[in-house]
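In what follows, a structure is listed as C-alpha cells, so that the remarks can point back to it.
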Amino acid sequence: TICETPRTGWRQTYPVANDPGVNSTGLATNGNACYLRPVGSAVVDFVFGNSATGIIKVTKSTDPAGAAASFGFTGAITASLTHNASATAVVAAGTYTVSELPTAGWGVSSIICGSGGSGTVANATATYVVAAGQTVNCTFTNTQLSTIVVDKVTDPADLAGANSFTVSLSPAPYAGPATATVTDISPATFTVLPGTYTVTEAAASGWTTTSQNCSGIAVTAANAGGVFTCTLTNTLLPTTGVIRVTKITDPAGGAASFGFTGAITASLTHNAS
C-alpha cells in the first residue's frame, strides 16, 4: 500500500475509493489517498493528484456589539456564531454559498465580503467565488429589530372594532407586509431595522383623519429593540346635513315675496328663511 499524506493548502483528488489504477486499486484510507497493489502484479507507476485549495470564512458581527445571541449558518459552512466569532472551511476552487438562519429579534442589516465574495441581504446569503490559494471572508452584521405599533382612535369610539382602516409603512418593514389593517381595538405592528419611517392611511368612506403623529418615526441603532407607538385619529362624517336659504331685501322690510326652487322650494320675504 502506498499513501500520500495530506498537505495543508492542497486537496487530494486522485486516487479515490473504488477508482482502480493500472494493476492497482484506489483507496481512501483514514483520509489519505492510497494505492493498493495486488500481490504478484507488475511494477507500475502510481499517480497521485492534488489541487490547491482555498478557504471560505464567515464572521459574525452584531449591532449593538457584544450581544449574547447566537446565529446559525448553513450551506458550505455549518456553524453557530456569536459576536466577533468566525468559522472557516477548506474548499477546492469553485463557487459556494453560506446562508444565515433566522434568529428571533434580529435582522441581517449588511453582508460585507472581501475580494471574491458578495452578499445579498434580502435572502441573508453570501456567495464565495474562490480561487486556489485564496481566502474569502464575508461578515454578516445583525441589528436588533424594533417594532412600530399603529394605534387607532375613532370618534365616536368603536369599541366593537367594526370599522377597519388600512395603513401602510414606508419604507417597507424588515419582515412581513408593508400594509396592515387596524381598528379601535386591534393595533397594527411592523418589524423594522433602524431607519426613518412614515405610516400613511388609505381614505376610508365616511371617515376623515383628524390627527396623527405617524410621520418621521426615527429608529436608530442606539434605541434598536424598542417599541415605537403612533396614533391615527379618525372622526365619523355626518350622514345628513342641513342647507338653508335666507332672504334679505334692500331697502329692508319690503313686503315682496321671492320664490326659490331646486333643493329648496319656498317663497320668502325679507329676513325669512
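A note on labels: chains of the C-alpha cells are A, B, ... as shown, every chain counts residues from 1, and ligands are counted from 1 in their shown order.
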
Spatial neighbours of Leu236 of chain A, 8 Å, only C-alpha atoms, chain gap at least 2 places, as a PyMOL selection string: chain A and resi 154-156+206-208+234+238

Please dump the current selection as a PDB file, in the first residue's frame; keep all heavy atoms.
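Result file follows (out-v1.pdb):
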```
ATOM      1  N   THR A 154     -61.068  56.271  17.124  1.00  0.00           N
ATOM      2  CA  THR A 154     -62.174  56.777  16.315  1.00  0.00           C
ATOM      3  C   THR A 154     -63.104  57.624  17.180  1.00  0.00           C
ATOM      4  O   THR A 154     -63.230  57.425  18.390  1.00  0.00           O
ATOM      5  CB  THR A 154     -62.990  55.640  15.680  1.00  0.00           C
ATOM      6  OG1 THR A 154     -63.517  54.800  16.713  1.00  0.00           O
ATOM      7  CG2 THR A 154     -62.141  54.824  14.736  1.00  0.00           C
ATOM      8  N   ASP A 155     -63.737  58.578  16.539  1.00  0.00           N
ATOM      9  CA  ASP A 155     -64.712  59.455  17.192  1.00  0.00           C
ATOM     10  C   ASP A 155     -65.971  59.454  16.341  1.00  0.00           C
ATOM     11  O   ASP A 155     -65.956  59.976  15.229  1.00  0.00           O
ATOM     12  CB  ASP A 155     -64.143  60.863  17.317  1.00  0.00           C
ATOM     13  CG  ASP A 155     -65.098  61.818  18.032  1.00  0.00           C
ATOM     14  OD1 ASP A 155     -66.062  61.340  18.663  1.00  0.00           O
ATOM     15  OD2 ASP A 155     -64.877  63.042  17.933  1.00  0.00           O
ATOM     16  N   PRO A 156     -67.048  58.817  16.832  1.00  0.00           N
ATOM     17  CA  PRO A 156     -67.197  58.204  18.153  1.00  0.00           C
ATOM     18  C   PRO A 156     -66.408  56.890  18.263  1.00  0.00           C
ATOM     19  O   PRO A 156     -66.063  56.286  17.259  1.00  0.00           O
ATOM     20  CB  PRO A 156     -68.694  57.948  18.240  1.00  0.00           C
ATOM     21  CG  PRO A 156     -69.115  57.774  16.810  1.00  0.00           C
ATOM     22  CD  PRO A 156     -68.265  58.731  16.029  1.00  0.00           C
ATOM     23  N   GLY A 206     -66.684  57.648   4.675  1.00  0.00           N
ATOM     24  CA  GLY A 206     -67.459  58.090   5.835  1.00  0.00           C
ATOM     25  C   GLY A 206     -66.615  58.599   6.988  1.00  0.00           C
ATOM     26  O   GLY A 206     -67.159  59.017   8.012  1.00  0.00           O
ATOM     27  N   TRP A 207     -65.270  58.556   6.826  1.00  0.00           N
ATOM     28  CA  TRP A 207     -64.380  58.982   7.902  1.00  0.00           C
ATOM     29  C   TRP A 207     -63.376  60.001   7.388  1.00  0.00           C
ATOM     30  O   TRP A 207     -63.015  59.998   6.212  1.00  0.00           O
ATOM     31  CB  TRP A 207     -63.621  57.790   8.487  1.00  0.00           C
ATOM     32  CG  TRP A 207     -64.492  56.772   9.147  1.00  0.00           C
ATOM     33  CD1 TRP A 207     -65.144  55.736   8.548  1.00  0.00           C
ATOM     34  CD2 TRP A 207     -64.808  56.703  10.537  1.00  0.00           C
ATOM     35  NE1 TRP A 207     -65.849  55.014   9.473  1.00  0.00           N
ATOM     36  CE2 TRP A 207     -65.660  55.585  10.708  1.00  0.00           C
ATOM     37  CE3 TRP A 207     -64.459  57.468  11.655  1.00  0.00           C
ATOM     38  CZ2 TRP A 207     -66.151  55.217  11.950  1.00  0.00           C
ATOM     39  CZ3 TRP A 207     -64.956  57.107  12.901  1.00  0.00           C
ATOM     40  CH2 TRP A 207     -65.801  55.992  13.038  1.00  0.00           C
ATOM     41  N   THR A 208     -62.893  60.848   8.281  1.00  0.00           N
ATOM     42  CA  THR A 208     -61.818  61.767   7.956  1.00  0.00           C
ATOM     43  C   THR A 208     -60.747  61.659   9.032  1.00  0.00           C
ATOM     44  O   THR A 208     -61.047  61.436  10.209  1.00  0.00           O
ATOM     45  CB  THR A 208     -62.320  63.222   7.862  1.00  0.00           C
ATOM     46  OG1 THR A 208     -61.228  64.065   7.467  1.00  0.00           O
ATOM     47  CG2 THR A 208     -62.874  63.717   9.183  1.00  0.00           C
ATOM     48  N   ASN A 234     -59.497  59.144  13.660  1.00  0.00           N
ATOM     49  CA  ASN A 234     -60.493  59.371  12.604  1.00  0.00           C
ATOM     50  C   ASN A 234     -61.812  59.793  13.216  1.00  0.00           C
ATOM     51  O   ASN A 234     -62.239  59.267  14.249  1.00  0.00           O
ATOM     52  CB  ASN A 234     -60.700  58.105  11.774  1.00  0.00           C
ATOM     53  CG  ASN A 234     -59.486  57.749  10.962  1.00  0.00           C
ATOM     54  OD1 ASN A 234     -58.488  57.314  11.512  1.00  0.00           O
ATOM     55  ND2 ASN A 234     -59.571  57.922   9.650  1.00  0.00           N
ATOM     56  N   PRO A 238     -70.750  63.246   9.260  1.00  0.00           N
ATOM     57  CA  PRO A 238     -72.211  63.151   9.407  1.00  0.00           C
ATOM     58  C   PRO A 238     -72.831  62.565   8.144  1.00  0.00           C
ATOM     59  O   PRO A 238     -72.388  62.837   7.028  1.00  0.00           O
ATOM     60  CB  PRO A 238     -72.643  64.607   9.622  1.00  0.00           C
ATOM     61  CG  PRO A 238     -71.532  65.433   9.069  1.00  0.00           C
ATOM     62  CD  PRO A 238     -70.279  64.641   9.279  1.00  0.00           C
TER      63      PRO A 238
END
```

Skipping near chain neighbours, those fewer than 3 positions away, what residues fall within 10 Å of Ala172 of chain A using only C-alpha atoms, listed as a compact mmCIF listing (two decimals) with N, CA and C atoms, in the first residue's frame?
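Produced file out_3.txt, reproduced below:
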```txt
# COMPACT_ATOMS: atom_id res chain seq x y z
N SER A 168 -50.22 51.83 5.82
CA SER A 168 -49.03 51.35 5.11
C SER A 168 -47.79 52.01 5.69
N LEU A 169 -46.69 51.22 5.72
CA LEU A 169 -45.42 51.71 6.24
C LEU A 169 -44.44 51.95 5.10
N ALA A 175 -39.49 42.55 7.85
CA ALA A 175 -40.18 41.29 7.58
C ALA A 175 -41.68 41.54 7.58
N GLY A 176 -42.39 40.77 6.77
CA GLY A 176 -43.84 40.91 6.73
C GLY A 176 -44.29 41.97 5.74
N PRO A 177 -45.60 42.06 5.50
CA PRO A 177 -46.13 43.01 4.53
C PRO A 177 -46.01 44.45 5.02
N ALA A 178 -46.01 45.38 4.05
CA ALA A 178 -45.92 46.81 4.37
C ALA A 178 -47.28 47.41 4.63
N THR A 179 -48.34 46.64 4.45
CA THR A 179 -49.72 47.11 4.64
C THR A 179 -50.41 46.25 5.68
N PHE A 190 -45.43 46.59 12.88
CA PHE A 190 -44.45 46.40 11.83
C PHE A 190 -43.09 46.15 12.48
N THR A 191 -42.32 45.20 11.94
CA THR A 191 -40.98 44.89 12.44
C THR A 191 -39.95 45.58 11.55
N VAL A 192 -39.06 46.38 12.16
CA VAL A 192 -38.19 47.23 11.36
C VAL A 192 -36.75 47.21 11.87
N LEU A 193 -35.83 47.50 10.94
CA LEU A 193 -34.45 47.82 11.26
C LEU A 193 -34.35 49.33 11.50
N TYR A 197 -39.26 56.17 9.41
CA TYR A 197 -40.45 55.58 8.83
C TYR A 197 -41.66 56.51 8.94
N THR A 198 -42.58 56.33 7.99
CA THR A 198 -43.84 57.07 7.99
C THR A 198 -44.98 56.10 7.74
```

Within 10 Å of Ser267 of chain A using only C-alpha atoms, minus same-chain residues under 4 positions, as a ChimeraX atom specification: /A:247,256-261,272-273

Selected residues, N, CA, C and O atoms, written as a PDB file, in the first residue's frame, please.
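What landed in result-v4.pdb:
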```pdb
ATOM      1  N   LYS A 247     -83.615  85.155   3.017  1.00  0.00           N
ATOM      2  CA  LYS A 247     -83.915  86.275   2.121  1.00  0.00           C
ATOM      3  C   LYS A 247     -83.676  87.607   2.847  1.00  0.00           C
ATOM      4  O   LYS A 247     -84.110  87.822   3.971  1.00  0.00           O
ATOM      5  N   ALA A 256     -92.441  92.385  -0.580  1.00  0.00           N
ATOM      6  CA  ALA A 256     -92.386  91.489  -1.737  1.00  0.00           C
ATOM      7  C   ALA A 256     -91.982  90.080  -1.317  1.00  0.00           C
ATOM      8  O   ALA A 256     -91.223  89.876  -0.375  1.00  0.00           O
ATOM      9  N   SER A 257     -92.471  89.094  -2.034  1.00  0.00           N
ATOM     10  CA  SER A 257     -92.164  87.682  -1.775  1.00  0.00           C
ATOM     11  C   SER A 257     -91.346  87.137  -2.944  1.00  0.00           C
ATOM     12  O   SER A 257     -91.631  87.446  -4.101  1.00  0.00           O
ATOM     13  N   PHE A 258     -90.354  86.312  -2.602  1.00  0.00           N
ATOM     14  CA  PHE A 258     -89.433  85.815  -3.618  1.00  0.00           C
ATOM     15  C   PHE A 258     -89.461  84.282  -3.621  1.00  0.00           C
ATOM     16  O   PHE A 258     -89.355  83.636  -2.571  1.00  0.00           O
ATOM     17  N   GLY A 259     -89.594  83.711  -4.814  1.00  0.00           N
ATOM     18  CA  GLY A 259     -89.709  82.258  -4.927  1.00  0.00           C
ATOM     19  C   GLY A 259     -88.354  81.582  -5.150  1.00  0.00           C
ATOM     20  O   GLY A 259     -87.463  82.128  -5.776  1.00  0.00           O
ATOM     21  N   PHE A 260     -88.199  80.390  -4.606  1.00  0.00           N
ATOM     22  CA  PHE A 260     -86.976  79.589  -4.752  1.00  0.00           C
ATOM     23  C   PHE A 260     -87.351  78.183  -5.207  1.00  0.00           C
ATOM     24  O   PHE A 260     -88.406  77.660  -4.839  1.00  0.00           O
ATOM     25  N   THR A 261     -86.433  77.577  -5.990  1.00  0.00           N
ATOM     26  CA  THR A 261     -86.655  76.223  -6.463  1.00  0.00           C
ATOM     27  C   THR A 261     -85.336  75.458  -6.435  1.00  0.00           C
ATOM     28  O   THR A 261     -84.265  76.030  -6.274  1.00  0.00           O
ATOM     29  N   ALA A 272     -86.835  86.217   6.088  1.00  0.00           N
ATOM     30  CA  ALA A 272     -87.400  84.845   6.210  1.00  0.00           C
ATOM     31  C   ALA A 272     -86.365  83.850   5.685  1.00  0.00           C
ATOM     32  O   ALA A 272     -85.498  84.150   4.875  1.00  0.00           O
ATOM     33  N   SER A 273     -86.484  82.606   6.160  1.00  0.00           N
ATOM     34  CA  SER A 273     -85.586  81.556   5.695  1.00  0.00           C
ATOM     35  C   SER A 273     -86.316  80.222   5.688  1.00  0.00           C
ATOM     36  O   SER A 273     -87.387  80.072   6.296  1.00  0.00           O
TER      37      SER A 273
END
```

DSSP-assigned strand (DSSP E or B) members of segment 133-255 of chain A, reported as a ChimeraX atom specification: /A:135-144,146-155,165-170,175,179-182,188-192,195-201,207-212,217-219,227-236

Write out as an mmCIF file with N, CA, C and O atoms, in the first residue's frame each polymer residue whose atoms come within 12 Å of Phe165 of chain A, counting only C-alpha atoms; drop sequence neighbours fewer than 5 positions from it.
```
data_model
loop_
_atom_site.group_PDB
_atom_site.id
_atom_site.type_symbol
_atom_site.label_atom_id
_atom_site.label_comp_id
_atom_site.auth_asym_id
_atom_site.auth_seq_id
_atom_site.Cartn_x
_atom_site.Cartn_y
_atom_site.Cartn_z
ATOM 1 N N VAL A 150 -49.095 50.859 15.457
ATOM 2 C CA VAL A 150 -50.017 51.889 14.993
ATOM 3 C C VAL A 150 -51.350 51.709 15.716
ATOM 4 O O VAL A 150 -52.036 50.702 15.519
ATOM 5 N N ASP A 151 -51.672 52.668 16.580
ATOM 6 C CA ASP A 151 -52.952 52.645 17.298
ATOM 7 C C ASP A 151 -53.998 53.431 16.524
ATOM 8 O O ASP A 151 -53.683 54.427 15.860
ATOM 9 N N LYS A 152 -55.239 52.998 16.651
ATOM 10 C CA LYS A 152 -56.353 53.683 16.007
ATOM 11 C C LYS A 152 -57.309 54.228 17.073
ATOM 12 O O LYS A 152 -57.688 53.528 18.013
ATOM 13 N N VAL A 153 -57.695 55.476 16.922
ATOM 14 C CA VAL A 153 -58.727 56.087 17.765
ATOM 15 C C VAL A 153 -59.807 56.614 16.843
ATOM 16 O O VAL A 153 -59.507 57.318 15.869
ATOM 17 N N THR A 154 -61.068 56.271 17.124
ATOM 18 C CA THR A 154 -62.174 56.777 16.315
ATOM 19 C C THR A 154 -63.104 57.624 17.180
ATOM 20 O O THR A 154 -63.230 57.425 18.390
ATOM 21 N N THR A 179 -48.345 46.636 4.449
ATOM 22 C CA THR A 179 -49.716 47.114 4.637
ATOM 23 C C THR A 179 -50.413 46.252 5.676
ATOM 24 O O THR A 179 -50.220 45.038 5.722
ATOM 25 N N ALA A 180 -51.221 46.911 6.529
ATOM 26 C CA ALA A 180 -51.922 46.179 7.583
ATOM 27 C C ALA A 180 -53.271 46.839 7.843
ATOM 28 O O ALA A 180 -53.537 47.960 7.399
ATOM 29 N N THR A 181 -54.110 46.118 8.564
ATOM 30 C CA THR A 181 -55.426 46.618 8.943
ATOM 31 C C THR A 181 -55.441 46.926 10.434
ATOM 32 O O THR A 181 -54.912 46.157 11.243
ATOM 33 N N VAL A 182 -56.062 48.061 10.787
ATOM 34 C CA VAL A 182 -56.107 48.486 12.182
ATOM 35 C C VAL A 182 -57.539 48.879 12.539
ATOM 36 O O VAL A 182 -58.282 49.390 11.701
ATOM 37 N N THR A 183 -57.947 48.604 13.775
ATOM 38 C CA THR A 183 -59.248 49.028 14.281
ATOM 39 C C THR A 183 -59.059 49.689 15.633
ATOM 40 O O THR A 183 -57.942 49.748 16.170
ATOM 41 N N ASP A 184 -60.172 50.152 16.207
ATOM 42 C CA ASP A 184 -60.138 50.787 17.526
ATOM 43 C C ASP A 184 -59.591 49.852 18.597
ATOM 44 O O ASP A 184 -59.029 50.311 19.592
ATOM 45 N N ILE A 185 -59.756 48.566 18.417
ATOM 46 C CA ILE A 185 -59.357 47.614 19.459
ATOM 47 C C ILE A 185 -58.211 46.703 19.013
ATOM 48 O O ILE A 185 -57.764 45.862 19.787
ATOM 49 N N SER A 186 -57.742 46.871 17.776
ATOM 50 C CA SER A 186 -56.685 45.997 17.263
ATOM 51 C C SER A 186 -55.641 46.828 16.528
ATOM 52 O O SER A 186 -55.843 47.221 15.378
ATOM 53 N N PRO A 187 -54.493 47.114 17.164
ATOM 54 C CA PRO A 187 -53.456 47.911 16.504
ATOM 55 C C PRO A 187 -52.742 47.113 15.417
ATOM 56 O O PRO A 187 -52.854 45.888 15.344
ATOM 57 N N ALA A 188 -51.995 47.811 14.584
ATOM 58 C CA ALA A 188 -51.146 47.177 13.571
ATOM 59 C C ALA A 188 -49.704 47.259 14.041
ATOM 60 O O ALA A 188 -49.301 48.219 14.700
ATOM 61 N N THR A 200 -48.886 55.858 6.604
ATOM 62 C CA THR A 200 -49.980 56.568 5.935
ATOM 63 C C THR A 200 -51.240 55.717 5.991
ATOM 64 O O THR A 200 -51.177 54.496 6.133
ATOM 65 N N GLU A 201 -52.366 56.397 5.870
ATOM 66 C CA GLU A 201 -53.654 55.705 5.961
ATOM 67 C C GLU A 201 -54.453 55.919 4.690
ATOM 68 O O GLU A 201 -54.544 57.050 4.181
ATOM 69 N N ALA A 202 -55.011 54.844 4.169
ATOM 70 C CA ALA A 202 -55.870 54.942 2.988
ATOM 71 C C ALA A 202 -57.192 55.601 3.376
ATOM 72 O O ALA A 202 -57.683 55.441 4.503
ATOM 73 N N ALA A 203 -57.756 56.352 2.437
ATOM 74 C CA ALA A 203 -59.030 57.013 2.701
ATOM 75 C C ALA A 203 -60.106 55.974 3.020
ATOM 76 O O ALA A 203 -60.195 54.940 2.373
ATOM 77 N N ALA A 204 -60.896 56.254 4.046
ATOM 78 C CA ALA A 204 -61.980 55.354 4.451
ATOM 79 C C ALA A 204 -63.312 56.075 4.282
ATOM 80 O O ALA A 204 -63.491 57.183 4.809
ATOM 81 N N SER A 205 -64.224 55.438 3.559
ATOM 82 C CA SER A 205 -65.518 56.058 3.283
ATOM 83 C C SER A 205 -66.239 56.401 4.584
ATOM 84 O O SER A 205 -66.381 55.572 5.482
ATOM 85 N N GLY A 206 -66.684 57.648 4.675
ATOM 86 C CA GLY A 206 -67.459 58.090 5.835
ATOM 87 C C GLY A 206 -66.615 58.599 6.988
ATOM 88 O O GLY A 206 -67.159 59.017 8.012
ATOM 89 N N TRP A 207 -65.270 58.556 6.826
ATOM 90 C CA TRP A 207 -64.380 58.982 7.902
ATOM 91 C C TRP A 207 -63.376 60.001 7.388
ATOM 92 O O TRP A 207 -63.015 59.998 6.212
ATOM 93 N N THR A 208 -62.893 60.848 8.281
ATOM 94 C CA THR A 208 -61.818 61.767 7.956
ATOM 95 C C THR A 208 -60.747 61.659 9.032
ATOM 96 O O THR A 208 -61.047 61.436 10.209
ATOM 97 N N THR A 209 -59.474 61.765 8.616
ATOM 98 C CA THR A 209 -58.365 61.726 9.576
ATOM 99 C C THR A 209 -58.222 63.100 10.201
ATOM 100 O O THR A 209 -57.979 64.093 9.504
ATOM 101 N N LEU A 232 -53.323 57.260 14.946
ATOM 102 C CA LEU A 232 -54.125 57.897 13.901
ATOM 103 C C LEU A 232 -55.551 58.030 14.424
ATOM 104 O O LEU A 232 -56.157 57.048 14.856
ATOM 105 N N THR A 233 -56.096 59.260 14.389
ATOM 106 C CA THR A 233 -57.454 59.506 14.872
ATOM 107 C C THR A 233 -58.368 59.819 13.695
ATOM 108 O O THR A 233 -58.029 60.658 12.850
ATOM 109 N N ASN A 234 -59.497 59.144 13.660
ATOM 110 C CA ASN A 234 -60.493 59.371 12.604
ATOM 111 C C ASN A 234 -61.812 59.793 13.216
ATOM 112 O O ASN A 234 -62.239 59.267 14.249
#
```

7 Å contact set for Asn137 of chain A, only C-alpha atoms, chain neighbours under 6 positions out, as an NGL selection string: :A and (56-58 or 113-114)

Keeping N, CA, C and O atoms for every residue in the selection just given, could you write it to a file as an mmCIF file, in the first residue's frame?
```cif
data_model
loop_
_atom_site.group_PDB
_atom_site.id
_atom_site.type_symbol
_atom_site.label_atom_id
_atom_site.label_comp_id
_atom_site.auth_asym_id
_atom_site.auth_seq_id
_atom_site.Cartn_x
_atom_site.Cartn_y
_atom_site.Cartn_z
ATOM 1 N N ILE A 56 -12.946 29.510 2.725
ATOM 2 C CA ILE A 56 -14.057 30.444 2.879
ATOM 3 C C ILE A 56 -14.284 30.659 4.361
ATOM 4 O O ILE A 56 -14.108 29.751 5.180
ATOM 5 N N LYS A 57 -14.669 31.865 4.710
ATOM 6 C CA LYS A 57 -14.796 32.237 6.115
ATOM 7 C C LYS A 57 -16.042 33.089 6.304
ATOM 8 O O LYS A 57 -16.358 33.943 5.472
ATOM 9 N N VAL A 58 -16.768 32.848 7.376
ATOM 10 C CA VAL A 58 -17.909 33.682 7.733
ATOM 11 C C VAL A 58 -17.654 34.251 9.124
ATOM 12 O O VAL A 58 -17.220 33.530 10.025
ATOM 13 N N CYS A 113 -18.205 41.561 2.122
ATOM 14 C CA CYS A 113 -17.275 40.497 1.732
ATOM 15 C C CYS A 113 -15.991 41.075 1.158
ATOM 16 O O CYS A 113 -15.986 42.168 0.563
ATOM 17 N N GLY A 114 -14.912 40.320 1.338
ATOM 18 C CA GLY A 114 -13.667 40.657 0.681
ATOM 19 C C GLY A 114 -13.696 40.224 -0.771
ATOM 20 O O GLY A 114 -14.714 39.738 -1.282
#
```

Coordinates-based distance that separates atom CA of Gly116 of chain A from atom CA of Gln134 of chain A (Å, one decimal): 8.7 Å

Exercise: Val219 of chain A partners within 7 Å, only C-alpha atoms, chain neighbours under 4 positions left out, as a PyMOL selection string: chain A and resi 194-196+223-224

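Each of A:Val91, A:Ala124, A:Ala252, A:Val47 was checked against Thr74 of chain A using only C-alpha atoms; the smallest atom-to-atom distance is that of A:Ala124.
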